[in-house]
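Enquirer: Input: one structure, supplied below.
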There are 4 protein chains.
Amino acid sequence: MSFNTFGHLFRVTTWGESHGPALGATVDGCPPGVSVTAEDIQVWLDRRKPGQNKYTTQRREADEVEILSGVFEGQTTGTPIQLMIRNTDQRSKDYGDIARKFRPGHADITYFQKYGIRDYRGGGRSSARETAARVAAGGVARAALAALVPQMKITGYMVQMGDRAIDRARFDMAQVDRNPFWVPDAQAAEDWASYLDELRKSGNSVGAMIECVAEGVPPGLGAPVYGKLDTDLAAGMMSINAVKGVEIGEGMAAAALTGEANADEIAMSQGGPIYSSNHAGGILGGISTGQPVVVRFAVKPTSSILKPRRTIDLDGNETEIVTKGRHDPCVGIRAVPVAEAMMACILLDHLLLHRGQVGEGPRGRIGPA
Amino acid sequence: MSFNTFGHLFRVTTWGESHGPALGATVDGCPPGVSVTAEDIQVWLDRRKPGQNKYTTQRREADEVEILSGVFEGQTTGTPIQLMIRNTDQRSKDYGDIARKFRPGHADITYFQKYGIRDYRGGGRSSARETAARVAAGGVARAALAALVPQMKITGYMVQMGDRAIDRARFDMAQVDRNPFWVPDAQAAEDWASYLDELRKSGNSVGAMIECVAEGVPPGLGAPVYGKLDTDLAAGMMSINAVKGVEIGEGMAAAALTGEANADEIAMSQGGPIYSSNHAGGILGGISTGQPVVVRFAVKPTSSILKPRRTIDLDGNETEIVTKGRHDPCVGIRAVPVAEAMMACILLDHLLLHRGQVGEGPRGRIGPA
Amino acid sequence: MSFNTFGHLFRVTTWGESHGPALGATVDGCPPGVSVTAEDIQVWLDRRKPGQNKYTTQRREADEVEILSGVFEGQTTGTPIQLMIRNTDQRSKDYGDIARKFRPGHADITYFQKYGIRDYRGGGRSSARETAARVAAGGVARAALAALVPQMKITGYMVQMGDRAIDRARFDMAQVDRNPFWVPDAQAAEDWASYLDELRKSGNSVGAMIECVAEGVPPGLGAPVYGKLDTDLAAGMMSINAVKGVEIGEGMAAAALTGEANADEIAMSQGGPIYSSNHAGGILGGISTGQPVVVRFAVKPTSSILKPRRTIDLDGNETEIVTKGRHDPCVGIRAVPVAEAMMACILLDHLLLHRGQVGEGPRGRIGPA
Amino acid sequence: MSFNTFGHLFRVTTWGESHGPALGATVDGCPPGVSVTAEDIQVWLDRRKPGQNKYTTQRREADEVEILSGVFEGQTTGTPIQLMIRNTDQRSKDYGDIARKFRPGHADITYFQKYGIRDYRGGGRSSARETAARVAAGGVARAALAALVPQMKITGYMVQMGDRAIDRARFDMAQVDRNPFWVPDAQAAEDWASYLDELRKSGNSVGAMIECVAEGVPPGLGAPVYGKLDTDLAAGMMSINAVKGVEIGEGMAAAALTGEANADEIAMSQGGPIYSSNHAGGILGGISTGQPVVVRFAVKPTSSILKPRRTIDLDGNETEIVTKGRHDPCVGIRAVPVAEAMMACILLDHLLLHRGQVGEGPRGRIGPA
């Protein structure tokens, strides 16, 4: 298996570099008969689009998606869907300065060591620009999910920026779309704005933590033991640029709990089992429980900063680097729609897998026959 | 792709249930000509074996591995290696009590909902017993790594049990093999012993955090963007029973850092680039830097406890459950050798992948020609 | 992807060598709730078992299959099914003579060149003994098909041995089980018996052609364009030892036809479309039509023969070889049950794939709404 | 695994329909540092291009390939290479007549039954137009092979059209590029020209047989037992539109041979083993021997013909069909460059696989140490 594809039955292959002519996603395995148009996908791309406010890169890309195949008369045909986005604002002259120096914390050194190729144009394939293709593919996945599991709802939001976490007591999902940080806490939004302004002006950057929740996930999704739902979510989120950690439910904090405290006790409702809590994050043994699926991940601070850092160049000379260009002070912001897209793709994939292996009909039913 | 296999070129398929006749691993894609015997693999299994002290399950399994194929006259042949471990102490009567009740926090409810099958014998396929097969496969991977990258060294250890973390100032790798917790801190070992004794007696359990480090990893391993080294490590660790979070290098703490603080500055040594720090955990852009690869993960507390918890049964009746049987008060302990095994398999896999795509010879060299 | 696995959702990994302690199949992705016992599988292995008459190798193997995992209380659980067959009659002393010489037409030279390993014990992994594992896996696939598509029927038979083809005018499926060649033509069976006797006595061997037909295959199975049903069947049959050609329907003869002659004209019956002929072999565009799926393949003559042939040894010395031991004068005979097993596995796999991507419900219906 | 991808390490995903805006190939896993330009790839596309003479479809397509990613400054970077070909002459009005009728022998009925979608525009995804993408991908594979195995040479040609086979005594490879049929027999070329003219005028079509040979293949390529070189070639050729049979070396004729006649006897030359004949077609046990790899396959006659055939429509009404439009009287002609492309991709893939699993260095050497 090569390395630019994810998914088992709903398979997404992304392609393209930061400063090449175009980038996109080849989406294979989408069920036939799903209504989807370029406009439906554009909605999600527009959410992610850079240059919309002063907190993300000032690179301006139209990010207009073209559907080149797989959709006929507004419906998926079951054949591969090619989604292409032309690069329009690829001002690569900005990068001239760093053509021969490696940025500390950046992939340029390892790409060079691995491939022997120096694509200095804005990170090439390692650029976060690749995630536009994921968001486009996620648009297709969302359309398919809307048809197959209409009650499912996927929402991503930021819960921490630098050392400032949200206050869960003020959690208000309605706030997410009302601020540039997708933060569900109006007060945090205000606070973060001034904090990030300051950081940006000082030429620094900062990390972030994102949470993504899927509600309305049917129980039974996930394929133990190496295609578990949480395994695939961990891989999916970790594959996003700059991500350094992934958690499900209680996450790293589970290490500190006792079994008594961690148990989500079970009771019975008309609709099936209900749980007293959701330490599990909606997944037990790699299979969805029917509770909300909760994923959290940390994004490290942008490594391209104006602060001078010591480094080396291609000849091995020790030197200093200051990265000019149009960089995000907090790449975590743009990771929010990417996380939603990954979650949509992975949940759709597991829905199809489950249907394939187990079928739609008879499964384990709890309760009197 | 079905779901009991991991790896791209070095592929491991595990099989078997907690209380079936046997379990094992089918290891496909091991390079030919690697010296390996059942004894070499047994060493690693013995490390993991349950029942060795009072802190792990009292189930006693010989865990003797048989090599059924793929090794001829002490050398791998390049064909599939079948590793089988017979189950000997499968006292399933202990489980009679829970045959119809679901354990809060346990996979039994989701397995039943997915498959419509109730394998009440000690968790069936979802039991941590499956990890014995991983450890056996890891033994083969270690033998291959010893031949291909002799300088590589993989070590796992516990860094937290419950709310008690080690003191990094006292970190001493030599301690790891001298206590039942694989903890590199002699004082923590003592403290944890009494802490866990108390928990065990009270019928409770506790979570843990494990760190696993690979030293001597050559730069260049990892296949962006969906087969990144950290992506595969995240999936690999998350696939281990009870794991709820995975971190690379700085991990979740990266969210709180600035770009200036997080940058691992680069200098030049005779052997190539060297770094001032390792926030990256040895991986940039999904590719190894040559620094130690550092993974950390959290294991939730055992869900089978003696403390009564509210639950339901197969008929949907609400009830209470107390799980007798021979359960680990801290499953995290047994996860240590499993993490090492996963890391060995994944690093070998990426070594082979790299050799396949890029070759052994010409790569990016930094420094004067 | 490593190389001892086939299938997309129903995945079979075979392992084991001719003269190792055991061989078997790891069957992953079987739907849960399928009734299957070791006895059900044994039926198919007994059909294939060598040493049953003078026309197959005199090696005597009990070929008793053990189910080590994945079946609980007589039903598949949805977890991997491990099928193991112990080797009992591995008289490897017979092979001493050929330990250093390569057999013309045999895989021993290429295995040595590839792997640098000389497993002289009866062909090691390249031995047709590997096919016992396929037949066992096919037994599981048949059980699942019996539950999911009860009307499906898969039958293999020989249509040619050496230069002697059956007379299609005498075709009688009832004959297939009444002779050692599985030939649907009583007169051919008699003729072939004396023909093969003579060949065997002269120390020679002969090729064969096998046909395998699946009736009752629902329309719609097959995944264009690189997972077509015929693509997977071609790969599956070509992977059987000694196979040199595979045909679907009209096969190689299609080259000689005109479009007018080759068209299977379509009419309408109550049950759906019906066809005037089956040049297509039940597959159009890689997707099943609902007509019988017809595959044919050629097996070359056994390369281990008593006739002296010129060859070289490990040191590169030119020499002559006479292969003693217990070899089939016509390996094609034993390929018949193997072909059936491959067809069962591949059809089940495509059934699951179809269910996954398209679902069980709405598909293209022809006829008034 | 979805279904529009082939290859293990060198992976090709094709996308696009006959009458959509574009089609192409996503090529993943190409080694870095390979020199390749759009012009290099265009050479191969031009060979395949329709409308070049009266024997292929009169649809005129520029078939100009654009490289959208993966190549930087004339060299592959190791990242996915996106190859796009715009459709320019998609006169879909020609197809209006067949929008509701199924063509006997054509995939339109099975695609409809499977997907419930009727893409009447010239066959949609099932059109042979898809093969342009394969030819483009093959251009990349050839460039990589030229760098890695410069002595390798891949040539396809026709050996039979309808019932007219070439005369092997007149075989002259130099003729292949001098006639519109790629036939290595000048006299056959003349004969076939008048034969096909006649067929075309009568509104009929005809089948063909193609042979494809790779010389200079190193010994050792192929991954037993389900990724054998011949297994992958069989799948690759069978996946080409209208192919009904695939043979390696002696092929179907092997059924008629004795072991004595079929043995390729082995002698020793300075360069290694040499063979007295090549019944094996360069492959033993699924692994290349170093002899030329010889594949042959049959292409059925075009199913879209002017001769009226009985069929049904979407409503299930029985009717008659005459397929107007611009169809090839012998689709086999255009299959020649496609076969070469598939062979190039598959051989490159196996070269990378071999390098991954076995390495470039030590392998089995025959002869004195």
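Quick note on naming: the chains in the structure tokens go A, B, ... in the order shown, residues restart at 1 in each chain, and ligands are numbered from 1 in order of appearance.
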For the alpha helix (DSSP H) assignment from backbone DSSP, which residues of segment 242-355 of chain C qualify? Please present them as a PyMOL selection string.

Expert: chain C and resi 259-262+332-355

Enquirer: For segment 266-282 of chain D, list every protein, DNA or RNA residue within 6 Å, evaluated using only C-alpha atoms, and leave out those in the same chain fewer than 4 positions away; present the list as number ranges by chain.

Expert: C: 311-312, 318; D: 248-250, 288-289, 291-294

Enquirer: Just give me the gap between atom CA of Gly138 of chain D and atom CA of Glu73 of chain D in Å, one decimal is fine.

Expert: 20.5 Å

Enquirer: If the cut-off is 8 Å, can you tell me the residues of chain B near chain D, counting only C-alpha atoms? I'd like them as a list of chain:residue names.

Expert: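 Every residue meeting the condition is included here: B:Met1, B:Leu9, B:Gly29, B:Cys30, B:Pro31, B:Pro32, B:Leu352, B:Leu353, B:His354, B:Arg355, B:Gly356, B:Gln357, B:Val358, B:Gly359, B:Glu360.
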
Enquirer: Find the spatial neighbours of Gln187 of chain C, counting only C-alpha atoms, within a cut-off of 12 Å - ignore same-chain residues fewer than 4 positions away - and output them as a list in words.

Expert: Arg164, Ala165, Ile166, Asp167, Arg168, Ala169, Arg170, Phe171, Asp172, Gln175, Val176, Arg178, Asn179, Phe181, Val183, Asp191, Trp192, Ala193 and Ser194 of chain C

Enquirer: When you look at Lys153 of chain D with a cut-off of 9 Å (counting only C-alpha atoms), what residues show up, excluding the ones that are within fewer than 3 positions of it in the same chain? I need them as number ranges by chain.

Expert: D: 146, 150, 213-217

Enquirer: Would you save the residues of that selection, restricted to C-alpha atoms, as a PDB file, in the first residue's frame?

Expert:
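Dumped to selection01.pdb:
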```
ATOM      1  CA  ALA D 146      14.726   3.214 -17.491  1.00  0.00           C
ATOM      2  CA  PRO D 150      18.065   0.247 -18.184  1.00  0.00           C
ATOM      3  CA  VAL D 213       7.100  -9.399 -23.934  1.00  0.00           C
ATOM      4  CA  ALA D 214       9.488  -7.957 -21.360  1.00  0.00           C
ATOM      5  CA  GLU D 215      13.150  -8.625 -22.008  1.00  0.00           C
ATOM      6  CA  GLY D 216      15.900  -7.930 -19.501  1.00  0.00           C
ATOM      7  CA  VAL D 217      13.801  -8.676 -16.423  1.00  0.00           C
TER       8      VAL D 217
END
```
